[in-house]
Each structure stands twice: as structure tokens, then as C-alpha cells.
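Undergrad: Before we start, here is the structure in question, set down as C-alpha cells.
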Amino acid sequence: MIKYLATASLLLAGAFLSTSLALAADPGITDTEIVIGDVEPLTGPPALLGVAASIGHKIAIAEANAAGGINGRKIKYVLEDDGYVTARTIQGVKKVTDVDKAFAMLGISGSGQSIAVMPLLEKAGIPTVIDVAPVKFLWEPPRKNVFVVGQSYEEGIIHLVNFLAEKNPGKKWGLITQDDDYGVTVRDGFDTVVKARKLNVVYSGNYKKGQQDFSSDMLQLKESGAEVFLAGGIIGENIAMMKELEKLNIKPVVGIFWPGRVEPVLKLMGPAGDGIYAVDYVEPFAGAAGKAFLEKAKGLLPEAEMKGINRYSMTGYAAAKVLISAIERCGKQPTWACTIAELEKTKNVETGIMAPISFGPGVRFSNQKLQIMQSEFSTLSFKPVN
Amino acid sequence: MRTGDFKQTYGELVTLVDSPPVWLWSAVLVAGLIAAPFVLNSYALSFLMIILITVVGTLGLNILTGYTGLISLGHVGFLVTGAYAYAVLVSKYQMHPLVGFLGAGVVPALASLIVGAPSLRLKGLYLAITTLAFSFIINTVILEARWLTNGARGISVQRPEIFGFSFDSDAAFTYLCLGFAVLTLFATLNIRRSRAGRAFVAIRDNDTAARVMGINLHAYKLFAFVTSAFITGLAGALYGIYLSFVSVEGFPFLLSIEALAILIVGGLGSALGAVLGTILIVLLPEATRFVFSLFSAQIDAVFTTGAQELKSMLYGLVIILFLRFQPRGLVGAWHDIRRMWVNWPLRY
């Protein structure tokens with residue numbers, strides 16, 4: 001009798017164990033589907049970035065699904081709008097992970113928003129590849145499950161200012177930055193080069209986020225006699241600044257940063273936007289790689305979404321590609337642990353639109369190679385500068 | 001069954017709750033809220049946290065705008081000051097979280113003296129614009145005082161541990177928010193039935209008459225400002241902890257408008273209204289999305305990818321509808337239903 005009871009208990013324990021192991025399987029994965037989640041600003045002015053990034057993710061996912069999915073499983077993309085509101089980003093991540101049961105995350109919104117959801121992502125342990133706003137806080141210290149594709153804002157500015165300083169020795173400099181985290185990073189990068197190269201800065205301004213009228217700022221810039229100008233705006237601000245400079249009839253050498261390096265901006269700037277220098281780590285659309293990317297997108301996206309493509313679509317595409325290939329390498333039964341291990345093993349993954357992407361043990365930042373490009377109003381494009 | 005509402009003593013007039021069933025239902029509600037973290041998933045729990053934090057903030061604004069009739073468009077200034085006070089004390093100077101919460105109340109209260117004093121001669125729109133200016137000034141001060149606030153870079157905030165009990169999990173943090181919400185509710189209800197509360201209402205209804213009756217307008221207006229800012233600052237600290245990262249960007253001006261919308265929809269001058277308004281405004285987009293998702297997956301997708309635009313539209317629509325059809329807000333509607341229930345089948 002005791003023997004029977006012991007056997008029955010063992011069987012029962014085994015059954016419980018197998019059930020609990022099945023229940024403990026990572027979420028977001030079934031025999032036919034893998035769910036990838038994302039939270040982006042899809043409404044309001046920052047939608048220009050968020051929509052484009054999500055389009056990049058969609059291209060990579062559509063490409064993988066067209067090729068049969070990840071080891072036979074189709075990828076389902078779940079996208080949430082946060083409107084660039086931090087509290088909503090947190091809720092969006094919670095919805096995507098808890099309600100939609102995502103297996104992995106892409107994105108995520110702006111720099112402040114990504115920083116805010118970091119504890120949440122870290123606690124959840126979900127494999128995440130960030131591509132929209134690469135700021136140091138996201139990879140320093142490295143977090144086990146969070147990987148960042150891109151280049152730091154600070155490095156980008158240092159690269160651009162160094163380039164402009166070499167090209168324009170002995171000239172007077174002007175700078176204007178936004179009064180937020182982004183602006184502080186731009187200023188820090190600028191100050192690093194100013195100190196190292198002893199640049200002559202004659203104008204240094206700061207504007208309030210959302211400012212539309214730059215007439216007095218640009219008048220001060222003119223009066224200072226600045227010959228090289230670093231416009232630290234994002235989209236609308238840079239357009240307004242260029243228009244003011246055109247009105248004031250001055251044309252300093254202008255440098256802008258990648259958040260503002262989107263082609264529709266050139267159209268809005270008009271001829272005033274011709275010859276602007278920009279720094280970026282993705283290929284310009286005017287080049288062969290950019291054209292090939294657009295061709296690929298045409299076959300995978302509806303016509304309406306093609307209009308939303310900009311540089312952020314490229315960063316989104318690259319991040320999604322890295323994530324998908326890591327899950328793929330895990331074989332038939334991917335888990336979070338395996339995906340994270342495979343992401344860590346990412347070595348020289350080619351995306352065709354930026355330098356090969358690599359991570360490593362304790363390295364969660366891909367540290368992309370930068371390049372300088374210049375705008376051309378006649379073709380409304382940016383072209384690489386050698 | 002009660003057939004009317006008869007008050008025979010002054011004690012009955014100022015009693016917090018005059019009916020045992022109200023106590024019973026309140027206890028059931030609190031029990032339900034205590035049980036909620038065990039049954040809700042993390043997404044649903046995030047709504048509960050937001051509701052509880054918003055309840056604290058709107059109850060704070062209700063003292064100034066609802067009870068005293070002083071319109072403030074700049075309450076987000078007190079919210080962000082409270083969040084920064086907590087973040088600086090706890091994250092930067094490693095002080096005890098309780099000291100952080102005290103600072104989160106005291107610093108905005110002191111700031112309210114600065115904005116409150118010049119506002120004593122102002123009313124209506126003029127006061128609203130003054131408070132609005134305050135919220136912009138406070139943002140600039142925070143951004144410029146980099147040595148203290150890290151400027152635009154912001155400050156990371158950990159979930160607190162108080163007397164060995166960690167509030168790190170969502171469930172534990174919900175209890176902390178619940179504790180603050182219940183205490184604030186009791187505090188504001190008690191303020192309302194106190195001498196100060198009656199003075200506030202007298203000032204709101206007719207400040208000249210209140211002055212003739214011997215109410216010191218300056219002192220009570222300042223007291224309303226200080227109390228309101230103290231409570232709003234506490235909400236700011238909780239909101240900062242919820243966001244885990246305090247920066248000026250996380251506290252947009254829209255929060256001030258949202259808080260006023262909550263008071264209007266809930267019913268100005270009523271603590272119950274502030275609670276009901278908060279629940280409605282916070283849950284409205286999600287509830288609408290749920291209802292529409294039952295009919296069409298496409299509409300659900302629109303709510304997912306255009307959530308913020310739809311949210312703004314819904315807020316606008318609800319405010320317009322309430323102002324047109326139920327100016328006394330949700331609390332007014334609740335009183336009508338209660339009266340109908342008691343008097344039915346008679347109308348009065």
C-alpha cells in the first residue's frame with residue numbers, strides 16, 4: 001500500500017513539475033507565432049521619429065515573415081502609442097509585456113522614456129533591442145537583457161565639430177541648444193572639442209523646448225559674427241533657424257545632428273537648407289545602400305507607409321534584423337535566456353544600411369561608425385562627404 | 001430605509017459620514033483595493049497606481065480650486081517641485097524616504113508662499129495666469145540649478161524601502177499609493193468640515209461677504225495655497241517614484257489641465273467628485289478602447305496607434321458633455337441617483 005502511495009505521489013509530483021515547467025515557458029511564443037512588442041510616439045510632433053522607427057521594424061519583420069518567419073513561426077508585431085509621455089511609455093511597456101505577452105521588445109520611444117522604462121525591462125528580463133534614442137545611461141552600466149544599436153549623441157557631436165573645425169580653421173563659432181537632456185548632451189560634446197581645439201566661440205545660446213520663433217537668437221548670432229554654426233534643434237527648430245538666417249542674409253557653415261537629418265526637413269528649409277553638414281551612422285538615402293533599402297521597403301510595405309520612411313526607419317530595421325537573427329539562431333525552441341546569449345554573440349551582422357553590428361560579453365552598445373554628409377537642396381538629399 | 005436627510009445638531013452637520021451603510025461600502029471598497037494587487041496584472045495595476053497618485057494630486061488642487069475658488073493653471077509646478085525635492089533628498093543625498101516625502105510636501109508648500117503672496121489680490125483669470133507663469137519659472141529654475149537637480153539630465157529614483165519594508169514590487173508600491181490616497185482623502189474631508197474649510201468655502205462663494213464676517217482673506221488664501229501645494233507635492237513624489245526618473249520633461253503642462261478637467265468632470269469642491277473624476281478620466285481611453293475592440297479589431301488598432309490623439313479628443317468631448325448636461329459633475333449625478341432611489345416613486 002505504502003509502495004502504491006509513494007508511486008502515485010511521485011507520478012503526481014512529476015505531473016506538477018512538468019505542468020509548472022510548461023507554465024514557466026517564456027511568454028509570447030506559440031507553435032506558430034512569436035510576438036515582438038514596441039512602444040513609440042505615434043502621435044504629436046515626435047511621431048516623425050516614432051512612426052519611422054516602427055516602419056523600420058515592420059520592414060524587417062515583413063522580410064522575415066516573407067522568408068517563412070523565425071524557424072517556421074510568423075512574427076506578430078504589437079505596437080503601442082505613448083505620445084512621448086513617459087507615464088504612458090511605462091504603461092505601454094506593461095501592456096505589451098503583460099497583456100500582449102511579447103517575447104522581445106524593440107524601440108523604445110525617446111531618451112527620457114527609455115531611461116524611465118529601464119528598471120521595468122531589467123526586472124522583467126525580456127530581450128530588448130533599443131534603436132531610437134541611444135543615450136549612455138542605456139548601456140552604462142550594461143544590463144543583461146538590454147542592447148542598444150547606434151552611436152552616442154556625444155560622440156556624434158564630437159565627430160561633427162572635429163570635422164567642421166578641421167575644415168574651417170581659425171573661424172568664429174556659434175552654438176544653440178535645446179534646454180533638455182538632448183541639448184545638454186550636444187553642448188557637452190561641443191564643449192569637449194572646444195576645449196581640446198581651443199575654438200573661438202562667439203555665440204552660445206539656449207532655447208526652450210517648443211520654441212518656434214528664433215528671430216532674436218539668429219540676430220544675436222549674426223551680430224556675434226559667427227562663421228560656423230552648430231544648430232542644436234531637432235526638426236521644426238532647425239527649419240525656423242535656417243529660415244531666419246536666410247532672412248538676415250547670412251550663410252555661415254551650418255552643422256546639424258542626426259535627429260534632424262530627415263529629408264522632409266530639407267524641403268521645408270528650401271534653398272536655405274543647401275550645403276548643411278550632418279553627422280550620422282546610417283547611410284543616406286541618396287547612396288546605393290539607401291536606394292536599395294527603399295527598393296526593399298517598396299515590396300514589403302503598403303504605399304501609405306512609404307511616405308513615413310526616414311533615417312529612423314533604417315535604425316529600426318537594423319535593430320529588428322539583429323533581434324530576429326538572434327532568435328533564429330536559438331533554433332526551434334527559443335527562450336529569453338538563449339535570445340540574450342545569442343544577442344551577446346552578435347558579431348558583424350550586416351544590415352546594408354550601417355556598419356556591421358556587434359555586441360559582446362558585457363558590451364551592450366554597438367558603437368556604430370560615424371560619417372559626415374552634406375545636404376543638397378536640388379535633389380532634397382544628403383550625400384556623403386569624403 | 002432613510003426617507004430624508006434631517007440634521008438636528010451641529011455635530012450631525014459636520015460629521016464625516018452620517019450613515020453606517022456608507023462606512024460599510026467604504027470598507028468594502030478599501031478591502032477590494034487591498035485585494036486588487038493579487039488579482040490584477042501589472043498593466044491593470046499601473047492604472048490603479050496612476051489613479052491613486054492622481055487622486056492625491058487632484059485632492060490637493062481641490063482644496064485651492066474646489067473649496068477656495070482660486071483657479072490654478074500651474075499646479076504641475078508644485079507636482080514637479082515635490083518630485084524633485086524627493087529625488088534630491090533620497091537619490092542624491094541618500095536620506096530616508098520619509099524625509100524625502102516630508103521634503104516633497106514642505107518644499108512646494110514654501111514655493112506656494114512665493115506664488116501665493118503676490119496672488120492674494122488676484123482672482124479668476126489673473127490668478128490663473130500668475131500660477132501658469134509660476135510653473136514655467138519653476139521649470140527654468142530646475143533646469144538652471146544643475147548643481148542640485150542635474151538640470152535637464154534628470155535624477156533616477158528608486159522605489160523606497162521604509163523600516164525594512166521594500167516597496168519595490170508593483171503590488172507593494174500600490175499599497176503605498178493607496179495609503180497616501182486614503183490619508184489625503186481623510187485629511188481633505190476633515191479640512192472641509194473644519195473652521196478653515198468653512199472659511200475656504202465662504203471665500204469661494206463671496207469673498208467680500210466672507211471678509212465682512214471676519215474671515216482673514218489673506219491668511220486663509222495663503223493657507224489654502226500652502227495646504228494644496230503640500231498635498232500636490234506628495235503626489236509629485238509618488239509620480240516621480242512611479243516614473244523612476246524625475247525630469248522636467250516628465251511633468252508636462254498638460255497635467256495641470258488634466259487635473260482641472262478631473263475636478264470639473266467629478267464636481268468642483270467635492271472630495272468624492274475628485275475621486276470619481278480621476279477614475280473616469282484615467283480609465284476613459286482604456287474603457288472606450290475595450291468597448292470598441294468588442295466590435296472591431298480595426299478600431300482597436302486605431303486606439304493602439306493613435307492613443308494619445310484619441311485621448312485628447314475624448315477628454316475634450318467629455319468636458320463639453322459634462323458642462324452642457326451635468327455641470328455639477330459626477331458627484332451631482334450621483335446625488336440625483338441617490339435622491340431618486342430614496343424618493344421613488346415620488347419625484348421629490
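Labels used: A, B, ... for chains in the order of the C-alpha cells, numbers from 1 for residues in each chain, and numbers from 1 for ligands as shown.
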Taking a cut-off of 10 Å and counting only C-alpha atoms, can you build a table that, for each residue of chain B near chain A, reports the nearest atom pair and how far apart they are in Å (one decimal), sorted by chain then residue number, as JSON lines?
TA:
```
{"residue": "B:Asn41", "atom": "CA", "partner": "A:Asp98", "partner_atom": "CA", "distance": 6.8}
{"residue": "B:Ser42", "atom": "CA", "partner": "A:Lys94", "partner_atom": "CA", "distance": 6.3}
{"residue": "B:Tyr43", "atom": "CA", "partner": "A:Lys94", "partner_atom": "CA", "distance": 4.9}
{"residue": "B:Ala44", "atom": "CA", "partner": "A:Lys95", "partner_atom": "CA", "distance": 8.3}
{"residue": "B:Leu45", "atom": "CA", "partner": "A:Lys94", "partner_atom": "CA", "distance": 9.4}
{"residue": "B:Ser46", "atom": "CA", "partner": "A:Gln91", "partner_atom": "CA", "distance": 6.4}
{"residue": "B:Phe47", "atom": "CA", "partner": "A:Gln91", "partner_atom": "CA", "distance": 7.9}
{"residue": "B:Ile50", "atom": "CA", "partner": "A:Ala87", "partner_atom": "CA", "distance": 8.7}
{"residue": "B:Thr140", "atom": "CA", "partner": "A:Asp179", "partner_atom": "CA", "distance": 8.9}
{"residue": "B:Leu143", "atom": "CA", "partner": "A:Asp179", "partner_atom": "CA", "distance": 7.4}
{"residue": "B:Glu144", "atom": "CA", "partner": "A:Asp179", "partner_atom": "CA", "distance": 9.3}
{"residue": "B:Asn150", "atom": "CA", "partner": "A:Asp181", "partner_atom": "CA", "distance": 9.7}
{"residue": "B:Gly151", "atom": "CA", "partner": "A:Asp180", "partner_atom": "CA", "distance": 7.9}
{"residue": "B:Ala152", "atom": "CA", "partner": "A:Asp180", "partner_atom": "CA", "distance": 4.5}
{"residue": "B:Arg153", "atom": "CA", "partner": "A:Asp181", "partner_atom": "CA", "distance": 4.8}
{"residue": "B:Gly154", "atom": "CA", "partner": "A:Asp181", "partner_atom": "CA", "distance": 7.7}
{"residue": "B:Ser156", "atom": "CA", "partner": "A:Ala116", "partner_atom": "CA", "distance": 8.1}
{"residue": "B:Val157", "atom": "CA", "partner": "A:Ala116", "partner_atom": "CA", "distance": 9.4}
{"residue": "B:Gln158", "atom": "CA", "partner": "A:Pro119", "partner_atom": "CA", "distance": 8.9}
{"residue": "B:Ser169", "atom": "CA", "partner": "A:Lys123", "partner_atom": "CA", "distance": 9.7}
{"residue": "B:Tyr239", "atom": "CA", "partner": "A:Ala87", "partner_atom": "CA", "distance": 8.8}
{"residue": "B:Gly240", "atom": "CA", "partner": "A:Ala87", "partner_atom": "CA", "distance": 9.8}
{"residue": "B:Tyr242", "atom": "CA", "partner": "A:Ala87", "partner_atom": "CA", "distance": 8.1}
{"residue": "B:Leu243", "atom": "CA", "partner": "A:Ala116", "partner_atom": "CA", "distance": 5.8}
{"residue": "B:Ser244", "atom": "CA", "partner": "A:Ala116", "partner_atom": "CA", "distance": 5.7}
{"residue": "B:Phe245", "atom": "CA", "partner": "A:Ala116", "partner_atom": "CA", "distance": 5.4}
{"residue": "B:Val246", "atom": "CA", "partner": "A:Ala116", "partner_atom": "CA", "distance": 8.6}
{"residue": "B:Ser247", "atom": "CA", "partner": "A:Gly112", "partner_atom": "CA", "distance": 8.0}
{"residue": "B:Val248", "atom": "CA", "partner": "A:Asp180", "partner_atom": "CA", "distance": 8.2}
{"residue": "B:Glu249", "atom": "CA", "partner": "A:Asp180", "partner_atom": "CA", "distance": 7.7}
{"residue": "B:Gly250", "atom": "CA", "partner": "A:Thr86", "partner_atom": "CA", "distance": 5.8}
{"residue": "B:Phe251", "atom": "CA", "partner": "A:Thr86", "partner_atom": "CA", "distance": 8.8}
{"residue": "B:Pro252", "atom": "CA", "partner": "A:Val85", "partner_atom": "CA", "distance": 8.3}
{"residue": "B:Ala301", "atom": "CA", "partner": "A:Leu79", "partner_atom": "CA", "distance": 8.9}
{"residue": "B:Val302", "atom": "CA", "partner": "A:Asp81", "partner_atom": "CA", "distance": 9.9}
{"residue": "B:Phe303", "atom": "CA", "partner": "A:Asp81", "partner_atom": "CA", "distance": 8.5}
{"residue": "B:Thr304", "atom": "CA", "partner": "A:Glu80", "partner_atom": "CA", "distance": 5.3}
{"residue": "B:Thr305", "atom": "CA", "partner": "A:Asp81", "partner_atom": "CA", "distance": 5.0}
{"residue": "B:Gly306", "atom": "CA", "partner": "A:Thr43", "partner_atom": "CA", "distance": 6.0}
{"residue": "B:Ala307", "atom": "CA", "partner": "A:Asp81", "partner_atom": "CA", "distance": 5.8}
{"residue": "B:Gln308", "atom": "CA", "partner": "A:Gly83", "partner_atom": "CA", "distance": 5.3}
{"residue": "B:Glu309", "atom": "CA", "partner": "A:Thr43", "partner_atom": "CA", "distance": 6.3}
{"residue": "B:Leu310", "atom": "CA", "partner": "A:Thr43", "partner_atom": "CA", "distance": 9.5}
```
Undergrad: Would you mind exporting the chosen residues as a CSV table (one decimal), in the first residue's frame, restricted to N, CA and C atoms?
TA:
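Wrote it out as selection38.csv, contents follow:
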```csv
chain,number,residue,atom,x,y,z
B,41,ASN,N,-3.2,42.1,-13.3
B,41,ASN,CA,-1.9,42.0,-13.8
B,41,ASN,C,-1.2,43.4,-13.8
B,42,SER,N,0.1,43.3,-14.2
B,42,SER,CA,0.9,44.5,-14.0
B,42,SER,C,0.4,45.7,-14.8
B,43,TYR,N,-0.2,45.5,-15.9
B,43,TYR,CA,-0.8,46.6,-16.8
B,43,TYR,C,-2.0,47.2,-16.1
B,44,ALA,N,-2.9,46.4,-15.6
B,44,ALA,CA,-4.1,46.9,-14.9
B,44,ALA,C,-3.7,47.6,-13.6
B,45,LEU,N,-2.7,47.0,-13.0
B,45,LEU,CA,-2.2,47.6,-11.7
B,45,LEU,C,-1.6,49.0,-12.0
B,46,SER,N,-1.0,49.2,-13.1
B,46,SER,CA,-0.4,50.5,-13.4
B,46,SER,C,-1.5,51.6,-13.5
B,47,PHE,N,-2.7,51.2,-14.0
B,47,PHE,CA,-3.8,52.1,-14.0
B,47,PHE,C,-4.3,52.5,-12.5
B,50,ILE,N,-1.7,54.8,-11.1
B,50,ILE,CA,-1.9,56.2,-11.7
B,50,ILE,C,-3.2,56.8,-11.0
B,140,THR,N,12.3,76.5,-15.2
B,140,THR,CA,13.6,77.2,-15.6
B,140,THR,C,14.5,77.1,-14.4
B,143,LEU,N,16.0,73.6,-14.3
B,143,LEU,CA,16.9,73.4,-15.4
B,143,LEU,C,18.3,74.1,-15.1
B,144,GLU,N,18.2,75.3,-14.5
B,144,GLU,CA,19.4,76.1,-14.3
B,144,GLU,C,20.2,75.7,-13.0
B,150,ASN,N,20.7,68.3,-11.3
B,150,ASN,CA,21.2,67.7,-12.6
B,150,ASN,C,20.6,68.3,-13.8
B,151,GLY,N,20.0,69.4,-13.7
B,151,GLY,CA,19.4,70.1,-14.9
B,151,GLY,C,18.5,69.3,-15.7
B,152,ALA,N,18.7,69.3,-17.0
B,152,ALA,CA,17.9,68.6,-18.0
B,152,ALA,C,18.2,67.1,-17.9
B,153,ARG,N,19.3,66.7,-17.3
B,153,ARG,CA,19.6,65.2,-17.3
B,153,ARG,C,18.7,64.4,-16.4
B,154,GLY,N,18.1,65.1,-15.4
B,154,GLY,CA,17.1,64.4,-14.5
B,154,GLY,C,17.8,63.6,-13.5
B,156,SER,N,17.5,59.7,-11.4
B,156,SER,CA,16.8,58.4,-11.3
B,156,SER,C,16.3,58.2,-9.9
B,157,VAL,N,15.2,57.6,-9.7
B,157,VAL,CA,14.6,57.4,-8.4
B,157,VAL,C,14.3,56.0,-8.2
B,158,GLN,N,14.7,55.4,-7.1
B,158,GLN,CA,14.4,54.0,-6.8
B,158,GLN,C,13.1,53.9,-6.0
B,169,SER,N,8.2,46.1,-5.5
B,169,SER,CA,7.2,45.5,-6.4
B,169,SER,C,6.0,46.4,-6.7
B,239,TYR,N,4.6,60.2,-8.0
B,239,TYR,CA,4.6,60.2,-9.5
B,239,TYR,C,6.1,60.0,-10.0
B,240,GLY,N,7.0,60.7,-9.3
B,240,GLY,CA,8.4,60.6,-9.6
B,240,GLY,C,8.9,59.2,-9.4
B,242,TYR,N,7.0,56.5,-9.4
B,242,TYR,CA,6.3,55.7,-10.4
B,242,TYR,C,7.1,55.7,-11.7
B,243,LEU,N,7.5,57.0,-12.1
B,243,LEU,CA,8.3,57.1,-13.4
B,243,LEU,C,9.7,56.6,-13.3
B,244,SER,N,10.2,56.5,-12.1
B,244,SER,CA,11.6,56.0,-11.7
B,244,SER,C,12.6,57.0,-12.3
B,245,PHE,N,12.2,58.1,-12.8
B,245,PHE,CA,13.1,59.0,-13.4
B,245,PHE,C,12.5,60.4,-13.4
B,246,VAL,N,13.1,61.3,-12.6
B,246,VAL,CA,12.4,62.7,-12.5
B,246,VAL,C,13.2,63.6,-13.4
B,247,SER,N,12.4,64.2,-14.4
B,247,SER,CA,13.0,65.2,-15.2
B,247,SER,C,11.8,66.2,-15.5
B,248,VAL,N,12.2,67.4,-15.9
B,248,VAL,CA,11.1,68.4,-16.2
B,248,VAL,C,10.2,67.9,-17.3
B,249,GLU,N,10.8,67.1,-18.3
B,249,GLU,CA,10.0,66.6,-19.4
B,249,GLU,C,8.9,65.6,-19.0
B,250,GLY,N,9.1,65.0,-17.8
B,250,GLY,CA,8.1,64.0,-17.4
B,250,GLY,C,6.8,64.7,-16.7
B,251,PHE,N,6.9,66.0,-16.6
B,251,PHE,CA,5.8,66.7,-16.0
B,251,PHE,C,5.3,67.8,-16.9
B,252,PRO,N,4.6,67.4,-18.0
B,252,PRO,CA,4.2,68.5,-19.0
B,252,PRO,C,3.1,69.3,-18.4
B,301,ALA,N,-7.1,48.8,-33.2
B,301,ALA,CA,-5.8,49.2,-33.8
B,301,ALA,C,-5.6,50.7,-33.8
B,302,VAL,N,-6.7,51.4,-34.2
B,302,VAL,CA,-6.6,52.9,-34.2
B,302,VAL,C,-6.3,53.4,-32.8
B,303,PHE,N,-7.0,52.8,-31.8
B,303,PHE,CA,-6.8,53.2,-30.4
B,303,PHE,C,-5.3,52.9,-29.9
B,304,THR,N,-4.8,51.8,-30.5
B,304,THR,CA,-3.4,51.5,-30.1
B,304,THR,C,-2.4,52.4,-30.7
B,305,THR,N,-2.6,52.7,-32.0
B,305,THR,CA,-1.5,53.5,-32.6
B,305,THR,C,-1.8,55.0,-32.6
B,306,GLY,N,-3.0,55.4,-32.2
B,306,GLY,CA,-3.3,56.8,-32.2
B,306,GLY,C,-3.9,57.2,-30.8
B,307,ALA,N,-3.4,56.4,-29.8
B,307,ALA,CA,-4.0,56.5,-28.5
B,307,ALA,C,-4.0,58.0,-27.9
B,308,GLN,N,-2.9,58.7,-28.1
B,308,GLN,CA,-2.8,60.0,-27.4
B,308,GLN,C,-3.7,61.0,-28.1
B,309,GLU,N,-3.8,61.0,-29.4
B,309,GLU,CA,-4.7,61.9,-30.1
B,309,GLU,C,-6.2,61.6,-29.7
B,310,LEU,N,-6.5,60.4,-29.7
B,310,LEU,CA,-7.9,60.0,-29.3
B,310,LEU,C,-8.2,60.3,-27.8
```
Undergrad: I want to know what sits within 8 Å of Lys171 of chain A, based on only C-alpha atoms, with residues of the same chain fewer than 5 positions away left out; could you give that as a PDB file with N, CA and C atoms, in the first residue's frame?
TA:
```pdb
ATOM      1  N   LEU A 199      38.663  76.367 -29.646  1.00  0.00           N
ATOM      2  CA  LEU A 199      37.866  77.060 -30.669  1.00  0.00           C
ATOM      3  C   LEU A 199      37.385  78.416 -30.126  1.00  0.00           C
ATOM      4  N   ASN A 200      37.204  79.349 -31.017  1.00  0.00           N
ATOM      5  CA  ASN A 200      36.749  80.682 -30.635  1.00  0.00           C
ATOM      6  C   ASN A 200      35.216  80.740 -30.727  1.00  0.00           C
ATOM      7  N   ALA A 226      29.551  84.998 -35.998  1.00  0.00           N
ATOM      8  CA  ALA A 226      29.887  83.563 -36.083  1.00  0.00           C
ATOM      9  C   ALA A 226      29.934  83.112 -37.549  1.00  0.00           C
ATOM     10  N   GLU A 227      30.976  82.331 -37.856  1.00  0.00           N
ATOM     11  CA  GLU A 227      31.129  81.846 -39.239  1.00  0.00           C
ATOM     12  C   GLU A 227      30.782  80.364 -39.372  1.00  0.00           C
ATOM     13  N   VAL A 228      30.902  79.655 -38.253  1.00  0.00           N
ATOM     14  CA  VAL A 228      30.485  78.244 -38.247  1.00  0.00           C
ATOM     15  C   VAL A 228      29.412  78.111 -37.167  1.00  0.00           C
TER      16      VAL A 228
END
```
Undergrad: Identify which of the residues A:Asp280, A:Asp188, A:Glu342, A:Glu246 lies closest to Lys144 of chain A, counting only C-alpha atoms when measuring atom-to-atom distances.
TA: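 Of all the options, A:Glu342 lies closest to Lys144 of chain A.
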Undergrad: Could you tell me how far atom CA of Ile126 of chain A sits from atom CA of Phe290 of chain B, in Å to one decimal place?
TA: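 Atom CA of Phe290 of chain B sits 26.2 Å away from atom CA of Ile126 of chain A.
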Undergrad: Just want the 9 Å neighbourhood of Asn367 of chain A, counted on only C-alpha atoms, with same-chain residues fewer than 6 positions away dropped. Output as a VMD selection string.
TA: chain A and resid 148 to 152 357 to 359
Undergrad: Could you give me, as a PDB file with C-alpha atoms, in the first residue's frame, the residues within 8 Å of Gly60 of chain B, counting only C-alpha atoms and dropping anything in the same chain fewer than 6 positions from it?
TA:
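Below is the file part.pdb, written as the result:
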```
ATOM      1  CA  THR B 188      -9.152  66.910   2.900  1.00  0.00           C
ATOM      2  CA  THR B 227      -2.044  73.008   2.031  1.00  0.00           C
ATOM      3  CA  SER B 228      -2.815  72.449  -1.628  1.00  0.00           C
ATOM      4  CA  ALA B 229       0.865  72.658  -2.619  1.00  0.00           C
ATOM      5  CA  PHE B 230       1.901  70.320   0.222  1.00  0.00           C
ATOM      6  CA  ILE B 231      -0.512  67.605  -0.914  1.00  0.00           C
ATOM      7  CA  THR B 232       0.281  68.122  -4.603  1.00  0.00           C
TER       8      THR B 232
END
```
Undergrad: Just list the residues in segment 214-360 of chain A DSSP gives strand (DSSP E) on the backbone, as a ChimeraX atom specification.
TA: /A:228-232,253-256,277-280
Undergrad: Of the candidates A:Val132, A:Ile239, A:Ala62, A:Val363, which shows the shortest atom-to-atom distance to Asp213 of chain A, using only C-alpha atoms?
TA: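 Closest candidate: A:Ile239.
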